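Trainee: The structure follows.
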Amino acid sequence: MATRRWLTVLAYVLVIVGAAMFFINAEAVLNGSAVECDGSAMRPGQWCSSFSGGGSVSYDEEKKNEARGELVGYVGVGLGSLGILLFVSHGIAARRRTR
């Protein structure tokens, strides 16, 4: 019984963390290989200046940041999918126990 509760809690955590990871990095995932600075496309050699952050970032650095965000977003999709899979398998096992 305790194992089932633990797996249910784990499934909730995986879905919540996965969804958060995806939605925080959704722009990088859905943007593809485009590199943007405040919504404008960047080209190699350009710099992105941020008034709120107080610094500037080169095209290459921004491309690395977007690639990292894309990877984190896809990891979030995987974690969320694993959580959903745990929910489904828990439901199937519960139905089999009641028969």
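To be explicit about the labels: the chains of the structure tokens are called A, B, and onward in the order shown, and within each one the residues are counted from 1, while ligands get numbers from 1 in the order they are shown.
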For A:Gly39, find every residue with an atom within 12 Å (counting only C-alpha atoms), except residues of its own chain fewer than 5 positions away, and show them as a PyMOL selection string.
Mentor: chain A and resi 27-28+31+34+48
Trainee: Put those residues in a file: C-alpha atoms, as a short mmCIF file (atom, residue, chain, number, x, y, z; two decimals), in the first residue's frame.
Mentor:
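For reference, again.cif as written:
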```cif
data_model
loop_
_atom_site.label_atom_id
_atom_site.label_comp_id
_atom_site.auth_asym_id
_atom_site.auth_seq_id
_atom_site.Cartn_x
_atom_site.Cartn_y
_atom_site.Cartn_z
CA GLU A 27 9.88 29.39 -26.54
CA ALA A 28 13.23 27.67 -27.12
CA ASN A 31 11.39 28.36 -31.83
CA ALA A 34 16.17 30.55 -34.68
CA CYS A 48 21.87 41.47 -27.85
#
```
Trainee: Give me the residues near stretch 59-69 of chain A as a list of chain:residue names, where near means some atom within 8 Å (using only C-alpha atoms) and where sequence neighbours in that chain fewer than 4 positions away do not count.
Mentor: A:Asn25, A:Ala28, A:Val29, A:Val35, A:Glu36, A:Met42, A:Arg43, A:Pro44, A:Gly45, A:Gln46, A:Trp47, A:Cys48, A:Gly73
Trainee: Next, dump the selected residues to file, keeping only N, CA, C and O atoms, as a PDB file, in the first residue's frame.
Mentor:
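And here's again.pdb as it stands now:
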```pdb
ATOM      1  N   ASN A  25      10.669  26.778 -20.780  1.00  0.00           N
ATOM      2  CA  ASN A  25      11.543  26.770 -21.951  1.00  0.00           C
ATOM      3  C   ASN A  25      10.772  26.539 -23.247  1.00  0.00           C
ATOM      4  O   ASN A  25      11.367  26.171 -24.267  1.00  0.00           O
ATOM      5  N   ALA A  28      12.048  28.286 -26.498  1.00  0.00           N
ATOM      6  CA  ALA A  28      13.231  27.675 -27.116  1.00  0.00           C
ATOM      7  C   ALA A  28      12.864  26.389 -27.841  1.00  0.00           C
ATOM      8  O   ALA A  28      13.402  26.093 -28.906  1.00  0.00           O
ATOM      9  N   VAL A  29      11.929  25.620 -27.282  1.00  0.00           N
ATOM     10  CA  VAL A  29      11.516  24.366 -27.916  1.00  0.00           C
ATOM     11  C   VAL A  29      10.756  24.643 -29.201  1.00  0.00           C
ATOM     12  O   VAL A  29      11.012  24.037 -30.242  1.00  0.00           O
ATOM     13  N   VAL A  35      17.581  32.135 -33.527  1.00  0.00           N
ATOM     14  CA  VAL A  35      18.162  32.825 -32.374  1.00  0.00           C
ATOM     15  C   VAL A  35      17.550  34.216 -32.348  1.00  0.00           C
ATOM     16  O   VAL A  35      17.611  34.946 -33.332  1.00  0.00           O
ATOM     17  N   GLU A  36      16.930  34.560 -31.203  1.00  0.00           N
ATOM     18  CA  GLU A  36      16.228  35.833 -31.107  1.00  0.00           C
ATOM     19  C   GLU A  36      16.722  36.658 -29.928  1.00  0.00           C
ATOM     20  O   GLU A  36      17.181  36.122 -28.923  1.00  0.00           O
ATOM     21  N   MET A  42      18.256  37.255 -34.718  1.00  0.00           N
ATOM     22  CA  MET A  42      19.668  37.669 -34.695  1.00  0.00           C
ATOM     23  C   MET A  42      20.422  36.937 -35.796  1.00  0.00           C
ATOM     24  O   MET A  42      20.044  35.850 -36.205  1.00  0.00           O
ATOM     25  N   ARG A  43      21.518  37.548 -36.226  1.00  0.00           N
ATOM     26  CA  ARG A  43      22.407  36.939 -37.209  1.00  0.00           C
ATOM     27  C   ARG A  43      23.798  36.845 -36.593  1.00  0.00           C
ATOM     28  O   ARG A  43      24.123  37.568 -35.651  1.00  0.00           O
ATOM     29  N   PRO A  44      24.642  35.964 -37.118  1.00  0.00           N
ATOM     30  CA  PRO A  44      26.004  35.857 -36.572  1.00  0.00           C
ATOM     31  C   PRO A  44      26.706  37.212 -36.578  1.00  0.00           C
ATOM     32  O   PRO A  44      26.577  37.994 -37.516  1.00  0.00           O
ATOM     33  N   GLY A  45      27.415  37.487 -35.505  1.00  0.00           N
ATOM     34  CA  GLY A  45      28.139  38.744 -35.371  1.00  0.00           C
ATOM     35  C   GLY A  45      27.368  39.818 -34.629  1.00  0.00           C
ATOM     36  O   GLY A  45      27.932  40.848 -34.270  1.00  0.00           O
ATOM     37  N   GLN A  46      26.074  39.617 -34.409  1.00  0.00           N
ATOM     38  CA  GLN A  46      25.274  40.613 -33.704  1.00  0.00           C
ATOM     39  C   GLN A  46      25.358  40.401 -32.189  1.00  0.00           C
ATOM     40  O   GLN A  46      25.673  39.312 -31.718  1.00  0.00           O
ATOM     41  N   TRP A  47      25.025  41.472 -31.470  1.00  0.00           N
ATOM     42  CA  TRP A  47      24.999  41.433 -30.008  1.00  0.00           C
ATOM     43  C   TRP A  47      23.601  41.801 -29.540  1.00  0.00           C
ATOM     44  O   TRP A  47      22.936  42.633 -30.147  1.00  0.00           O
ATOM     45  N   CYS A  48      23.180  41.186 -28.454  1.00  0.00           N
ATOM     46  CA  CYS A  48      21.874  41.465 -27.854  1.00  0.00           C
ATOM     47  C   CYS A  48      22.109  42.207 -26.558  1.00  0.00           C
ATOM     48  O   CYS A  48      22.757  41.689 -25.648  1.00  0.00           O
ATOM     49  N   GLY A  73      13.707  21.846 -22.069  1.00  0.00           N
ATOM     50  CA  GLY A  73      12.299  21.700 -22.432  1.00  0.00           C
ATOM     51  C   GLY A  73      11.960  20.284 -22.844  1.00  0.00           C
ATOM     52  O   GLY A  73      10.928  19.736 -22.435  1.00  0.00           O
TER      53      GLY A  73
END
```
Trainee: Per DSSP on the backbone, what are the alpha helix (DSSP H) residues of chain A, as number ranges by chain?
Mentor: A: 2-24, 26-31, 59-98
Trainee: Just how far from atom CA of A:Ala20 is atom CA of A:Thr8, in Å to one decimal?
Mentor: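 Computing the Euclidean distance for atom CA of A:Thr8 and atom CA of A:Ala20 yields 18.4 Å.
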Trainee: So which one's closest to A:Gly80, A:Ile92, A:Ile24, A:Tyr12, A:Arg5? Using only C-alpha atoms, please.
Mentor: A:Tyr12
Trainee: So which residues of chain A fall under strand (DSSP E) by DSSP, listed as a list in words?
Mentor: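 Filtering chain A to strand (DSSP E) leaves Glu36, Cys37, Ser40, Ala41, Trp47, Cys48, Ser49, Ser50, Gly55, Ser56, Val57 and Ser58 of chain A.
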Trainee: Here is a test: counting only C-alpha atoms, which residue of A:Phe87, A:Ala26, A:Arg96, A:Ser56 is nearest to A:Leu10?
Mentor: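 The shortest atom-to-atom distance to A:Leu10 comes from A:Phe87.
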Trainee: Separation of atom CA of A:Gly18 and atom CA of A:Val88, in Å?
Mentor: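 So the two atoms, atom CA of A:Gly18 and atom CA of A:Val88, lie 16.5 Å apart.
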Trainee: Would you please work out which residue, of A:Val13, A:Ser33, A:Trp6, A:Phe22, is nearest to A:Gly78 when using only C-alpha atoms?
Mentor: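 Ranked by minimum distance to A:Gly78, first place goes to A:Phe22.
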